[in-house]
Structure formats: C-alpha cells, structure tokens
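Pasted below: work_28.cif, mmCIF, C-alpha atoms, pLDDT in the B column; chains and numbers go by the auth columns.
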data_upload
loop_
_atom_site.group_PDB
_atom_site.id
_atom_site.type_symbol
_atom_site.label_atom_id
_atom_site.label_comp_id
_atom_site.label_asym_id
_atom_site.label_seq_id
_atom_site.Cartn_x
_atom_site.Cartn_y
_atom_site.Cartn_z
_atom_site.B_iso_or_equiv
_atom_site.auth_seq_id
_atom_site.auth_asym_id
ATOM 1 C CA MET A 1 0.577 26.614 3.882 39.00 1 K
ATOM 2 C CA ILE A 2 -0.857 26.103 0.389 48.00 2 K
ATOM 3 C CA TYR A 3 -1.548 29.188 -1.698 43.00 3 K
ATOM 4 C CA LEU A 4 -2.893 29.663 -5.218 47.00 4 K
ATOM 5 C CA ASN A 5 -3.383 32.547 -7.638 44.00 5 K
ATOM 6 C CA SER A 6 -6.373 30.954 -9.391 49.00 6 K
ATOM 7 C CA GLY A 7 -9.374 32.239 -7.490 54.00 7 K
ATOM 8 C CA TYR A 8 -9.541 29.375 -5.014 57.00 8 K
ATOM 9 C CA SER A 9 -9.460 30.042 -1.286 55.00 9 K
ATOM 10 C CA GLU A 10 -6.075 30.977 0.148 73.00 10 K
ATOM 11 C CA ARG A 11 -5.695 27.753 2.117 89.00 11 K
ATOM 12 C CA ILE A 12 -6.861 24.902 -0.089 97.00 12 K
ATOM 13 C CA ARG A 13 -9.975 23.215 1.276 98.00 13 K
ATOM 14 C CA VAL A 14 -10.199 19.531 0.403 98.00 14 K
ATOM 15 C CA GLY A 15 -13.180 17.236 0.769 98.00 15 K
ATOM 16 C CA TYR A 16 -11.525 13.867 1.403 98.00 16 K
ATOM 17 C CA ALA A 17 -13.924 10.997 0.785 98.00 17 K
ATOM 18 C CA LEU A 18 -13.425 7.310 1.537 98.00 18 K
ATOM 19 C CA THR A 19 -15.494 4.503 0.036 98.00 19 K
ATOM 20 C CA GLY A 20 -15.434 0.832 0.942 97.00 20 K
ATOM 21 C CA SER A 21 -12.162 -0.490 -0.458 97.00 21 K
ATOM 22 C CA PHE A 22 -10.973 -1.377 3.029 97.00 22 K
ATOM 23 C CA CYS A 23 -7.661 -2.877 1.894 96.00 23 K
ATOM 24 C CA THR A 24 -6.536 0.576 0.734 98.00 24 K
ATOM 25 C CA PHE A 25 -7.654 2.544 3.779 98.00 25 K
ATOM 26 C CA LYS A 26 -4.100 2.572 5.142 97.00 26 K
ATOM 27 C CA PRO A 27 -2.449 4.264 2.125 98.00 27 K
ATOM 28 C CA ALA A 28 -5.491 6.537 1.705 98.00 28 K
ATOM 29 C CA MET A 29 -5.190 7.744 5.298 98.00 29 K
ATOM 30 C CA GLU A 30 -1.435 8.119 4.972 98.00 30 K
ATOM 31 C CA ALA A 31 -2.071 10.375 1.973 98.00 31 K
ATOM 32 C CA ALA A 32 -4.572 12.371 4.041 98.00 32 K
ATOM 33 C CA GLN A 33 -1.935 12.799 6.731 98.00 33 K
ATOM 34 C CA ARG A 34 0.604 14.080 4.209 98.00 34 K
ATOM 35 C CA LEU A 35 -1.884 16.581 2.816 98.00 35 K
ATOM 36 C CA CYS A 36 -2.643 17.936 6.291 98.00 36 K
ATOM 37 C CA GLU A 37 1.074 18.246 7.025 97.00 37 K
ATOM 38 C CA LYS A 38 1.497 20.265 3.824 96.00 38 K
ATOM 39 C CA GLY A 39 -1.145 22.762 4.903 97.00 39 K
ATOM 40 C CA TYR A 40 -4.256 21.547 3.120 98.00 40 K
ATOM 41 C CA GLU A 41 -7.482 21.832 5.106 98.00 41 K
ATOM 42 C CA LEU A 42 -9.233 18.438 4.954 98.00 42 K
ATOM 43 C CA THR A 43 -12.844 17.616 5.746 98.00 43 K
ATOM 44 C CA PRO A 44 -13.500 13.847 5.892 98.00 44 K
ATOM 45 C CA ILE A 45 -16.430 12.224 4.093 98.00 45 K
ATOM 46 C CA MET A 46 -17.339 8.531 4.233 98.00 46 K
ATOM 47 C CA SER A 47 -19.779 6.358 2.326 98.00 47 K
ATOM 48 C CA TYR A 48 -22.251 4.295 4.323 98.00 48 K
ATOM 49 C CA ASN A 49 -20.101 1.176 4.005 97.00 49 K
ATOM 50 C CA ALA A 50 -16.855 2.975 4.802 98.00 50 K
ATOM 51 C CA TYR A 51 -18.441 4.515 7.888 98.00 51 K
ATOM 52 C CA ASN A 52 -20.258 1.461 9.243 98.00 52 K
ATOM 53 C CA VAL A 53 -18.529 -1.753 8.115 98.00 53 K
ATOM 54 C CA SER A 54 -15.742 -3.433 10.083 97.00 54 K
ATOM 55 C CA SER A 55 -13.262 -5.676 8.287 96.00 55 K
ATOM 56 C CA ARG A 56 -9.948 -7.421 8.808 95.00 56 K
ATOM 57 C CA PHE A 57 -8.359 -4.070 7.967 94.00 57 K
ATOM 58 C CA GLY A 58 -9.833 -2.431 11.055 95.00 58 K
ATOM 59 C CA SER A 59 -13.106 -1.869 12.838 97.00 59 K
ATOM 60 C CA ALA A 60 -15.470 0.839 11.659 98.00 60 K
ATOM 61 C CA GLU A 61 -14.892 2.757 14.869 98.00 61 K
ATOM 62 C CA GLU A 62 -11.106 2.554 14.540 97.00 62 K
ATOM 63 C CA ASN A 63 -11.253 3.833 10.977 98.00 63 K
ATOM 64 C CA ARG A 64 -13.562 6.712 11.894 98.00 64 K
ATOM 65 C CA LEU A 65 -11.434 7.776 14.852 98.00 65 K
ATOM 66 C CA LYS A 66 -8.230 7.610 12.789 98.00 66 K
ATOM 67 C CA LEU A 67 -9.672 9.782 10.046 98.00 67 K
ATOM 68 C CA MET A 68 -10.968 12.355 12.526 98.00 68 K
ATOM 69 C CA GLU A 69 -7.620 12.361 14.303 98.00 69 K
ATOM 70 C CA ILE A 70 -5.793 13.071 11.034 98.00 70 K
ATOM 71 C CA THR A 71 -8.118 15.831 9.839 98.00 71 K
ATOM 72 C CA GLY A 72 -9.246 17.310 13.148 98.00 72 K
ATOM 73 C CA ARG A 73 -12.819 17.430 11.851 98.00 73 K
ATOM 74 C CA ASP A 74 -16.057 15.489 12.148 98.00 74 K
ATOM 75 C CA ILE A 75 -16.956 13.134 9.313 98.00 75 K
ATOM 76 C CA ILE A 76 -19.693 13.917 6.810 98.00 76 K
ATOM 77 C CA HIS A 77 -21.530 10.591 6.616 98.00 77 K
ATOM 78 C CA SER A 78 -25.084 11.343 5.548 98.00 78 K
ATOM 79 C CA ILE A 79 -26.703 12.570 2.353 98.00 79 K
ATOM 80 C CA GLU A 80 -28.274 15.432 4.275 98.00 80 K
ATOM 81 C CA ASP A 81 -24.891 16.700 5.449 98.00 81 K
ATOM 82 C CA ALA A 82 -23.280 16.225 2.027 98.00 82 K
ATOM 83 C CA GLU A 83 -25.922 18.123 0.048 98.00 83 K
ATOM 84 C CA PRO A 84 -24.859 21.647 1.191 98.00 84 K
ATOM 85 C CA ILE A 85 -21.270 21.136 -0.045 98.00 85 K
ATOM 86 C CA GLY A 86 -21.987 22.780 -3.393 98.00 86 K
ATOM 87 C CA PRO A 87 -24.356 25.559 -2.315 98.00 87 K
ATOM 88 C CA ARG A 88 -21.927 26.600 0.440 97.00 88 K
ATOM 89 C CA ARG A 89 -18.859 26.153 -1.808 98.00 89 K
ATOM 90 C CA MET A 90 -17.248 24.207 1.002 98.00 90 K
ATOM 91 C CA PHE A 91 -14.302 22.768 -0.962 98.00 91 K
ATOM 92 C CA ASP A 92 -11.842 23.859 -3.613 98.00 92 K
ATOM 93 C CA ILE A 93 -11.303 20.242 -4.608 98.00 93 K
ATOM 94 C CA LEU A 94 -12.906 16.921 -3.683 98.00 94 K
ATOM 95 C CA VAL A 95 -10.876 13.698 -3.510 98.00 95 K
ATOM 96 C CA VAL A 96 -12.436 10.216 -3.517 98.00 96 K
ATOM 97 C CA SER A 97 -9.713 8.016 -2.067 98.00 97 K
ATOM 98 C CA PRO A 98 -10.205 5.102 -2.365 98.00 98 K
ATOM 99 C CA CYS A 99 -12.882 5.036 -5.069 98.00 99 K
ATOM 100 C CA THR A 100 -14.584 1.645 -5.509 98.00 100 K
ATOM 101 C CA SER A 101 -16.179 0.266 -8.660 97.00 101 K
ATOM 102 C CA ASN A 102 -19.584 0.743 -7.022 97.00 102 K
ATOM 103 C CA THR A 103 -18.923 4.451 -6.555 98.00 103 K
ATOM 104 C CA LEU A 104 -17.418 4.757 -10.049 98.00 104 K
ATOM 105 C CA ALA A 105 -20.579 3.240 -11.539 98.00 105 K
ATOM 106 C CA LYS A 106 -22.845 5.570 -9.607 98.00 106 K
ATOM 107 C CA LEU A 107 -20.842 8.649 -10.539 98.00 107 K
ATOM 108 C CA ALA A 108 -20.784 7.625 -14.199 97.00 108 K
ATOM 109 C CA CYS A 109 -24.565 7.172 -14.180 97.00 109 K
ATOM 110 C CA GLY A 110 -25.425 10.221 -12.064 95.00 110 K
ATOM 111 C CA ILE A 111 -26.731 8.173 -9.123 97.00 111 K
ATOM 112 C CA ASN A 112 -26.523 10.063 -5.829 95.00 112 K
ATOM 113 C CA ASP A 113 -27.619 7.720 -3.053 97.00 113 K
ATOM 114 C CA THR A 114 -24.605 7.771 -0.719 98.00 114 K
ATOM 115 C CA PRO A 115 -22.879 10.596 1.168 98.00 115 K
ATOM 116 C CA VAL A 116 -19.894 10.403 -1.203 98.00 116 K
ATOM 117 C CA THR A 117 -21.851 10.434 -4.465 98.00 117 K
ATOM 118 C CA MET A 118 -23.999 13.290 -3.168 98.00 118 K
ATOM 119 C CA ALA A 119 -20.845 15.150 -2.133 98.00 119 K
ATOM 120 C CA VAL A 120 -19.424 14.791 -5.645 98.00 120 K
ATOM 121 C CA LYS A 121 -22.668 15.845 -7.303 98.00 121 K
ATOM 122 C CA SER A 122 -23.017 18.874 -5.069 98.00 122 K
ATOM 123 C CA HIS A 123 -19.373 19.874 -5.483 98.00 123 K
ATOM 124 C CA LEU A 124 -19.500 19.576 -9.296 98.00 124 K
ATOM 125 C CA ARG A 125 -22.289 22.147 -9.544 97.00 125 K
ATOM 126 C CA ASN A 126 -19.535 24.734 -9.055 97.00 126 K
ATOM 127 C CA SER A 127 -17.373 23.246 -11.848 97.00 127 K
ATOM 128 C CA ARG A 128 -14.638 22.459 -9.349 98.00 128 K
ATOM 129 C CA PRO A 129 -12.282 19.482 -9.680 98.00 129 K
ATOM 130 C CA VAL A 130 -12.888 15.958 -8.421 98.00 130 K
ATOM 131 C CA VAL A 131 -9.933 13.584 -8.012 98.00 131 K
ATOM 132 C CA THR A 132 -10.543 9.838 -7.941 98.00 132 K
ATOM 133 C CA ALA A 133 -8.137 7.209 -6.630 98.00 133 K
ATOM 134 C CA VAL A 134 -9.397 3.994 -8.187 98.00 134 K
ATOM 135 C CA SER A 135 -9.263 0.757 -6.204 97.00 135 K
ATOM 136 C CA THR A 136 -11.215 -2.120 -7.707 97.00 136 K
ATOM 137 C CA ASN A 137 -10.773 -5.762 -8.663 96.00 137 K
ATOM 138 C CA ASP A 138 -12.704 -5.290 -11.909 95.00 138 K
ATOM 139 C CA ALA A 139 -11.110 -2.120 -13.303 96.00 139 K
ATOM 140 C CA LEU A 140 -10.235 -3.997 -16.515 96.00 140 K
ATOM 141 C CA ALA A 141 -13.599 -5.777 -16.638 97.00 141 K
ATOM 142 C CA ALA A 142 -17.056 -4.490 -15.669 96.00 142 K
ATOM 143 C CA ALA A 143 -15.752 -1.220 -14.209 96.00 143 K
ATOM 144 C CA ALA A 144 -13.694 -0.303 -17.277 97.00 144 K
ATOM 145 C CA LYS A 145 -16.564 1.442 -19.048 97.00 145 K
ATOM 146 C CA ASN A 146 -17.281 3.590 -15.997 98.00 146 K
ATOM 147 C CA ILE A 147 -13.642 4.597 -15.615 97.00 147 K
ATOM 148 C CA GLY A 148 -13.624 5.523 -19.297 97.00 148 K
ATOM 149 C CA ALA A 149 -16.848 7.501 -18.947 97.00 149 K
ATOM 150 C CA LEU A 150 -15.481 9.566 -16.068 98.00 150 K
ATOM 151 C CA GLU A 151 -12.120 10.091 -17.750 96.00 151 K
ATOM 152 C CA SER A 152 -13.971 11.804 -20.592 95.00 152 K
ATOM 153 C CA CYS A 153 -15.979 14.043 -18.238 97.00 153 K
ATOM 154 C CA LYS A 154 -14.977 17.608 -17.488 96.00 154 K
ATOM 155 C CA ASN A 155 -13.629 18.263 -13.963 98.00 155 K
ATOM 156 C CA TYR A 156 -12.722 14.632 -13.221 98.00 156 K
ATOM 157 C CA PHE A 157 -9.060 13.806 -12.635 98.00 157 K
ATOM 158 C CA PHE A 158 -7.486 10.450 -11.827 98.00 158 K
ATOM 159 C CA VAL A 159 -4.636 9.486 -9.564 98.00 159 K
ATOM 160 C CA PRO A 160 -2.443 7.300 -11.809 98.00 160 K
ATOM 161 C CA TYR A 161 -3.216 3.621 -11.302 97.00 161 K
ATOM 162 C CA ARG A 162 -1.649 0.244 -12.029 96.00 162 K
ATOM 163 C CA GLN A 163 -2.376 -3.475 -11.985 95.00 163 K
ATOM 164 C CA ASP A 164 -1.632 -4.510 -8.417 93.00 164 K
ATOM 165 C CA ASP A 165 -1.450 -8.294 -9.014 92.00 165 K
ATOM 166 C CA TYR A 166 -1.650 -9.170 -12.705 92.00 166 K
ATOM 167 C CA LEU A 167 -1.163 -12.920 -12.085 94.00 167 K
ATOM 168 C CA LEU A 168 -3.761 -13.575 -9.384 95.00 168 K
ATOM 169 C CA LYS A 169 -6.064 -10.584 -10.055 95.00 169 K
ATOM 170 C CA PRO A 170 -5.617 -9.784 -13.757 95.00 170 K
ATOM 171 C CA PHE A 171 -8.533 -7.307 -13.878 97.00 171 K
ATOM 172 C CA SER A 172 -7.595 -5.422 -10.710 97.00 172 K
ATOM 173 C CA MET A 173 -6.105 -1.934 -10.623 97.00 173 K
ATOM 174 C CA VAL A 174 -5.281 0.385 -7.752 97.00 174 K
ATOM 175 C CA ALA A 175 -4.200 3.999 -7.581 98.00 175 K
ATOM 176 C CA ASP A 176 -0.660 4.940 -6.678 97.00 176 K
ATOM 177 C CA PHE A 177 -1.523 6.778 -3.457 98.00 177 K
ATOM 178 C CA SER A 178 1.953 8.333 -3.322 97.00 178 K
ATOM 179 C CA LEU A 179 0.866 10.491 -6.290 97.00 179 K
ATOM 180 C CA ILE A 180 -2.233 11.987 -4.678 98.00 180 K
ATOM 181 C CA GLU A 181 -0.549 15.254 -3.727 98.00 181 K
ATOM 182 C CA ARG A 182 0.805 15.872 -7.222 98.00 182 K
ATOM 183 C CA THR A 183 -2.517 14.891 -8.809 98.00 183 K
ATOM 184 C CA ILE A 184 -4.302 17.444 -6.632 98.00 184 K
ATOM 185 C CA GLU A 185 -1.799 20.196 -7.389 97.00 185 K
ATOM 186 C CA LEU A 186 -2.251 19.769 -11.127 98.00 186 K
ATOM 187 C CA ALA A 187 -6.026 19.214 -10.964 98.00 187 K
ATOM 188 C CA LEU A 188 -6.429 22.593 -9.255 98.00 188 K
ATOM 189 C CA SER A 189 -4.992 24.056 -12.460 97.00 189 K
ATOM 190 C CA GLY A 190 -7.137 21.839 -14.690 97.00 190 K
ATOM 191 C CA VAL A 191 -4.323 19.467 -15.662 98.00 191 K
ATOM 192 C CA GLN A 192 -4.332 15.651 -15.504 98.00 192 K
ATOM 193 C CA LEU A 193 -1.152 14.120 -14.097 97.00 193 K
ATOM 194 C CA GLN A 194 0.540 11.909 -16.686 96.00 194 K
ATOM 195 C CA PRO A 195 1.149 9.108 -17.363 95.00 195 K
ATOM 196 C CA MET A 196 -2.211 7.908 -16.048 94.00 196 K
ATOM 197 C CA ILE A 197 -1.149 4.285 -16.116 92.00 197 K
ATOM 198 C CA ALA A 198 1.591 4.119 -13.492 79.00 198 K
ATOM 199 C CA ASP A 199 4.640 1.894 -13.787 72.00 199 K
ATOM 200 C CA ARG A 200 3.970 -1.571 -12.400 58.00 200 K
ATOM 201 C CA LYS A 201 5.595 -2.449 -9.095 56.00 201 K
ATOM 202 C CA GLU A 202 7.207 -5.883 -9.029 45.00 202 K
#
In structure tokens, what does this structure look like?
Amino acid sequence: MIYLNSGYSERIRVGYALTGSFCTFKPAMEAAQRLCEKGYELTPIMSYNAYNVSSRFGSAEENRLKLMEITGRDIIHSIEDAEPIGPRRMFDILVVSPCTSNTLAKLACGINDTPVTMAVKSHLRNSRPVVTAVSTNDALAAAAKNIGALESCKNYFFVPYRQDDYLLKPFSMVADFSLIERTIELALSGVQLQPMIADRKE
C-alpha cells in the first residue's frame, strides 16, 4: 500500500486520464498497471477521442475494456461526470497519460470542453498536483509554448520527455512512461522530477 504523511488520503487516489495519442496507449496502460500493483487506487478518465476512436493501435472498445480491467473501475468519459472531481475531492493527484498537444493547448488556455480538461480544472481547484505525460509530434514547434506555459504554472508536473525520432520527426517528443511512478511520488511532495529532458534512447 501507499502511505503519506502530508495530509493526503492514506491510500493514494489517482485520477488516470488518457487522451488521444493512441500510439502511446500501450506504455500508458502498462504504467497504470504498475501503479495499481504498487497500491495506488486508480480511477480511469478518457477524452472523447480516447473513448470513442478506434485506430491501428486497438479498437475503442478494446482500449476501454483494458483500462477498466487494469483499474477495476468504470471510466469517467463525460464532462458531467468529471465536474464533481474537485468538489468531492476525489483524487490526491491527477495524471494525464498520454497528454496530446490538443489537451496541452486547452489546459494552457483554460479551455474545459472535454472530460479530461474538465477533470483537470475541477481537480486544480483544490491546489492538488497534476502530472502530464507529453506525447506530441509538435512539442518543439506549435506545442512548445503551451508546454512552457504549463511548466511555469503552480501544481503542474511533467514526466520527463525526450525526442523519440529526431531524424524523421524532429519536433516530436514523448514522455518516458517508465518514470511515471517516480514523477508521481515527487509531485505529491511538490517536487518536479529532474532532469525534465530525459536521455535520448538510440
């Protein structure tokens, strides 16, 4: 089990949100599995696209069933169901994994028109931490300003990320999903895991 001395609940409650970077669903769900095995209590959240869109990385139904199997809980997938997260203090920490450039932009601009962005907004009203695991092809282009904006905001923490293919996708960066657990542990104490730019894998 996971225990803290910082005023959080005894067993750490994690809102675990997926947005539509389908190519990183596998490592994101593997990270969710590891967190559950370590005693974290996960509640799944999905954006509209993550919940409804099928891709070559799996059908929408397969992805939903897998996430529910890992967490043992129903998925929050509507704005109406995400809104009470803050008022009810449902989570100690909220993780957006993967976090697309679309979601980054909305969070940076305070736009709350998906279940995930509403979940983050509602959760932040309690000044509790949000962890983002970036996965976007334009992290070093159009999305860079939004990443920078969120990195300067209180209560946002980032899973360290790297260029995943600097030759064929020179603007693309993706989180190192193996570092999600450590990022969460430190974020619960208000500390950003360093270095934020992970070593590049060959």
task: I would like the residues chosen by the PyMOL selection byres ((chain K and resi 36-40) around 10) on the shown file; could you give them as a VMD selection string?
output: chain K and resid 1 to 3 11 to 14 30 to 35 41 to 43 70 to 72 181
query: Looking at all atoms listed in the file, which of K:Ala82, K:Leu94, K:Ile197, K:Ala149 is the one that sits closest to Gly110 (chain K)?
result: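 The answer is K:Ala149, which sits nearest to Gly110 (chain K).
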message: So, with only C-alpha atoms as the atoms that count, which of K:Met29, K:Val96, K:Ala187, K:Ile79 lies closest to Asn63 (chain K)?
response: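 Answer, going by the shortest atom-to-atom distance: K:Met29.
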- prompt: Taking (-21.0, 8.6, -0.9) in the file's coordinates as the center, which residues reach within 12 Å of it, counting only C-alpha atoms, put as JSON, numbers by chain?
  reply: {"K": [15, 16, 17, 18, 19, 20, 44, 45, 46, 47, 48, 49, 50, 51, 75, 76, 77, 78, 79, 80, 81, 82, 83, 94, 95, 96, 97, 98, 99, 100, 102, 103, 104, 105, 106, 107, 111, 112, 113, 114, 115, 116, 117, 118, 119, 120, 121, 122]}
- line: Min atom-atom distance to Gly190 (chain K) from the set K:Leu168, K:Ile93, K:Val134, K:Val174, counting only C-alpha atoms, belongs to K:Ile93
field: Selection near Leu186 (chain K), 12 Å with all atoms listed in the file, sequence-local residues under 4 positions removed, as a ChimeraX atom specification
entry: /K:4,93,129-131,155-159,179-182,190-194
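Shortest separation to Asp138 (chain K) among K:Leu150, K:Met173, K:Leu124, K:Cys23 occurs at residue K:Met173, atoms counted being only C-alpha atoms.
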Shortest interatomic distance to Ala108 (chain K) - which of K:Ile147, K:Ala60, K:Ile184, K:Leu140, counting only C-alpha atoms: K:Ile147
- request: Record the distance separating CA of Glu151 (chain K) and CA of Asn126 (chain K), expressed in Å with one decimal.
  value: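 Computed distance, CA of Glu151 (chain K) to CA of Asn126 (chain K), equals 18.6 Å.
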